[in-house]
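**Student:** So I've got this file, structure19.cif, and it contains mmCIF, C-alpha atoms and all ligand atoms:
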data_start
#
loop_
_atom_site.group_PDB
_atom_site.id
_atom_site.type_symbol
_atom_site.label_atom_id
_atom_site.label_comp_id
_atom_site.auth_asym_id
_atom_site.auth_seq_id
_atom_site.Cartn_x
_atom_site.Cartn_y
_atom_site.Cartn_z
ATOM 1 C CA MET A 1 0.654 15.104 3.858
ATOM 2 C CA ILE A 2 1.499 11.532 4.704
ATOM 3 C CA ASP A 3 -0.082 9.115 2.278
ATOM 4 C CA ILE A 4 -0.264 5.563 3.532
ATOM 5 C CA SER A 5 -0.737 4.239 -0.012
ATOM 6 C CA LYS A 6 2.898 5.134 -0.659
ATOM 7 C CA GLN A 7 4.023 2.726 2.030
ATOM 8 C CA THR A 8 5.453 -0.500 0.747
ATOM 9 C CA VAL A 9 5.010 -4.163 1.513
ATOM 10 C CA GLU A 10 7.014 -7.180 0.473
ATOM 11 C CA VAL A 11 5.605 -10.050 -1.486
ATOM 12 C CA ASP A 12 7.497 -13.190 -2.349
ATOM 13 C CA CYS A 13 7.913 -14.137 -5.965
ATOM 14 C CA PRO A 14 6.180 -17.505 -6.459
ATOM 15 C CA ASP A 15 8.913 -18.519 -8.838
ATOM 16 C CA CYS A 16 12.294 -17.527 -7.406
ATOM 17 C CA LYS A 17 11.045 -16.678 -3.871
ATOM 18 C CA ARG A 18 12.771 -13.336 -3.992
ATOM 19 C CA PRO A 19 10.996 -10.633 -2.003
ATOM 20 C CA ILE A 20 9.566 -7.883 -4.192
ATOM 21 C CA THR A 21 8.759 -4.492 -2.752
ATOM 22 C CA VAL A 22 5.436 -3.093 -3.903
ATOM 23 C CA SER A 23 3.458 -0.093 -2.739
ATOM 24 C CA ILE A 24 0.257 -0.714 -0.805
ATOM 25 C CA LYS A 25 -1.538 1.226 -3.508
ATOM 26 C CA LYS A 26 -0.472 -1.361 -6.069
ATOM 27 C CA VAL A 27 -1.873 -4.114 -3.892
ATOM 28 C CA ALA A 28 -5.126 -2.192 -3.499
ATOM 29 C CA ASP A 29 -5.250 -1.692 -7.272
ATOM 30 C CA GLU A 30 -4.481 -5.390 -7.765
ATOM 31 C CA ALA A 31 -1.729 -4.432 -10.148
ATOM 32 C CA LEU A 32 0.419 -6.877 -12.055
ATOM 33 C CA VAL A 33 4.026 -6.540 -10.943
ATOM 34 C CA LYS A 34 7.096 -8.124 -12.439
ATOM 35 C CA CYS A 35 9.895 -9.780 -10.568
ATOM 36 C CA THR A 36 13.467 -9.321 -11.718
ATOM 37 C CA CYS A 37 13.372 -12.972 -12.859
ATOM 38 C CA GLY A 38 10.616 -12.048 -15.310
ATOM 39 C CA GLN A 39 7.794 -13.709 -13.409
ATOM 40 C CA GLY A 40 4.605 -11.660 -13.332
ATOM 41 C CA ILE A 41 2.720 -11.533 -10.058
ATOM 42 C CA GLN A 42 -0.940 -10.652 -9.912
ATOM 43 C CA LEU A 43 -1.481 -8.811 -6.652
ATOM 44 C CA LYS A 44 -4.687 -9.593 -4.836
ATOM 45 C CA ASP A 45 -6.450 -7.363 -2.403
ATOM 46 C CA SER A 46 -8.677 -9.875 -0.659
ATOM 47 C CA ASN A 47 -12.023 -8.304 0.268
ATOM 48 C CA SER A 48 -10.578 -4.916 -0.701
ATOM 49 C CA SER A 49 -9.084 -4.867 2.779
ATOM 50 C CA ASN A 50 -6.080 -2.821 1.712
ATOM 51 C CA LYS A 51 -8.193 -0.236 -0.051
ATOM 52 C CA LYS A 52 -10.324 0.088 3.055
ATOM 53 C CA ALA A 53 -7.267 0.267 5.292
ATOM 54 C CA ILE A 54 -5.689 2.985 3.141
ATOM 55 C CA ARG A 55 -8.872 4.995 3.238
ATOM 56 C CA GLU A 56 -9.274 4.660 6.974
ATOM 57 C CA ILE A 57 -5.667 5.374 7.823
ATOM 58 C CA ASN A 58 -5.633 8.384 5.511
ATOM 59 C CA LYS A 59 -8.789 9.602 7.190
ATOM 60 C CA SER A 60 -7.256 9.381 10.647
ATOM 61 C CA LEU A 61 -4.093 11.056 9.415
ATOM 62 C CA LYS A 62 -6.195 13.885 8.049
ATOM 63 C CA ASN A 63 -7.940 14.215 11.399
ATOM 64 C CA LEU A 64 -4.584 14.279 13.101
ATOM 65 C CA GLU A 65 -3.424 16.963 10.699
ATOM 66 C CA ASN A 66 -6.461 19.079 11.502
ATOM 67 C CA THR A 67 -5.852 18.612 15.205
ATOM 68 C CA ILE A 68 -2.244 19.703 14.843
ATOM 69 C CA LYS A 69 -3.333 22.751 12.852
ATOM 70 C CA LYS A 70 -5.741 23.693 15.625
ATOM 71 C CA PHE A 71 -2.966 23.424 18.188
ATOM 72 C CA GLY A 72 -0.822 25.658 16.046
ATOM 73 C CA LYS A 73 -3.265 28.537 16.329
HETATM 74 ZN ZN ZN B 1 11.137 -14.018 -9.278
#
Can you turn what I pasted into structure tokens?
Ligand SMILES: [Zn+2]
**Tutor:**
Amino acid sequence: MIDISKQTVEVDCPDCKRPITVSIKKVADEALVKCTCGQGIQLKDSNSSNKKAIREINKSLKNLENTIKKFGK
């Protein structure tokens, strides 16, 4: 099954401005990620929008999966 939370986004390091690739799940979890320069970046999921988006997209993917299964019969 496709899991949208495994998709990645890029955030810029506030220190060296290097783009850092993080999974959407990490953003939703507001995880602390580290840049290669050693700078820690506190991810922020404003209004839990990412969490909500992951849930909703996963839900529609699941529906799509069910639809495909039906067609397969
Ligand atoms: Zn950096």
**Student:** Applying 12 Å and all atoms listed in the file, which residues near Pro14 of chain A remain after dropping the ones on its own chain fewer than 5 positions away? List them as a list in words.
**Tutor:**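 Surrounding residues, per the criterion: Pro19, Ile20, Lys34, Cys35, Cys37, Gly38, Gln39, Gly40, Ile41, Gln42 and Leu43 of chain A.
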**Student:** Just checking: using only C-alpha atoms and all ligand atoms, which residue out of A:Asp12, A:Asp3, A:Asp29, A:Glu65 ends up closest to ligand ZN 1 (chain B)?
**Tutor:**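 The shortest atom-to-atom distance to ligand ZN 1 (chain B) comes from A:Asp12.
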**Student:** Just say which residues the PyMOL selection byres (((chain A and resi 21) around 7) and not hetatm) picks in this file, as a ChimeraX atom specification.
**Tutor:** /A:8-11,19-20,22-23
**Student:** Using 8 Å of padding on each side, determine the axis-aligned box around all atoms of segment 25-43 of chain A present in the file and give its centre and edge lengths in Å to one decimal, as lines of an AutoDock Vina configuration file.
**Tutor:**
center_x = 4.1
center_y = -6.2
center_z = -9.4
size_x = 34.7
size_y = 30.9
size_z = 27.8
**Student:** Once the PyMOL selection byres (((chain A and resi 52) around 12) and not hetatm) is applied to the coordinates I shared, what remains selected? I want it as a PyMOL selection string.
**Tutor:** chain A and resi 4-5+24-25+27-29+45-51+53-59
**Student:** Using all atoms listed in the file, pick whichever of A:Thr67, A:Gln7, A:Ala31, A:Thr36 has the shortest atom-to-atom distance to ligand ZN 1 (chain B).
**Tutor:** A:Thr36
**Student:** Report, in Å with one decimal, the straight-line distance from atom CA of Cys16 of chain A to atom CA of Glu30 of chain A.
**Tutor:**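 Going from atom CA of Cys16 of chain A over to atom CA of Glu30 of chain A covers 20.7 Å.
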**Student:** Using atom CA of Ile2 of chain A and atom CA of Leu64 of chain A as the two end points, give the distance in Å to one decimal.
**Tutor:**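 Atom CA of Ile2 of chain A sits 10.7 Å away from atom CA of Leu64 of chain A.
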**Student:** Restricting the calculation to all atoms listed in the file, which member of A:Arg18, A:Lys44, A:Lys62, A:Lys26 is positioned closest to ligand ZN 1 (chain B)?
**Tutor:** A:Arg18
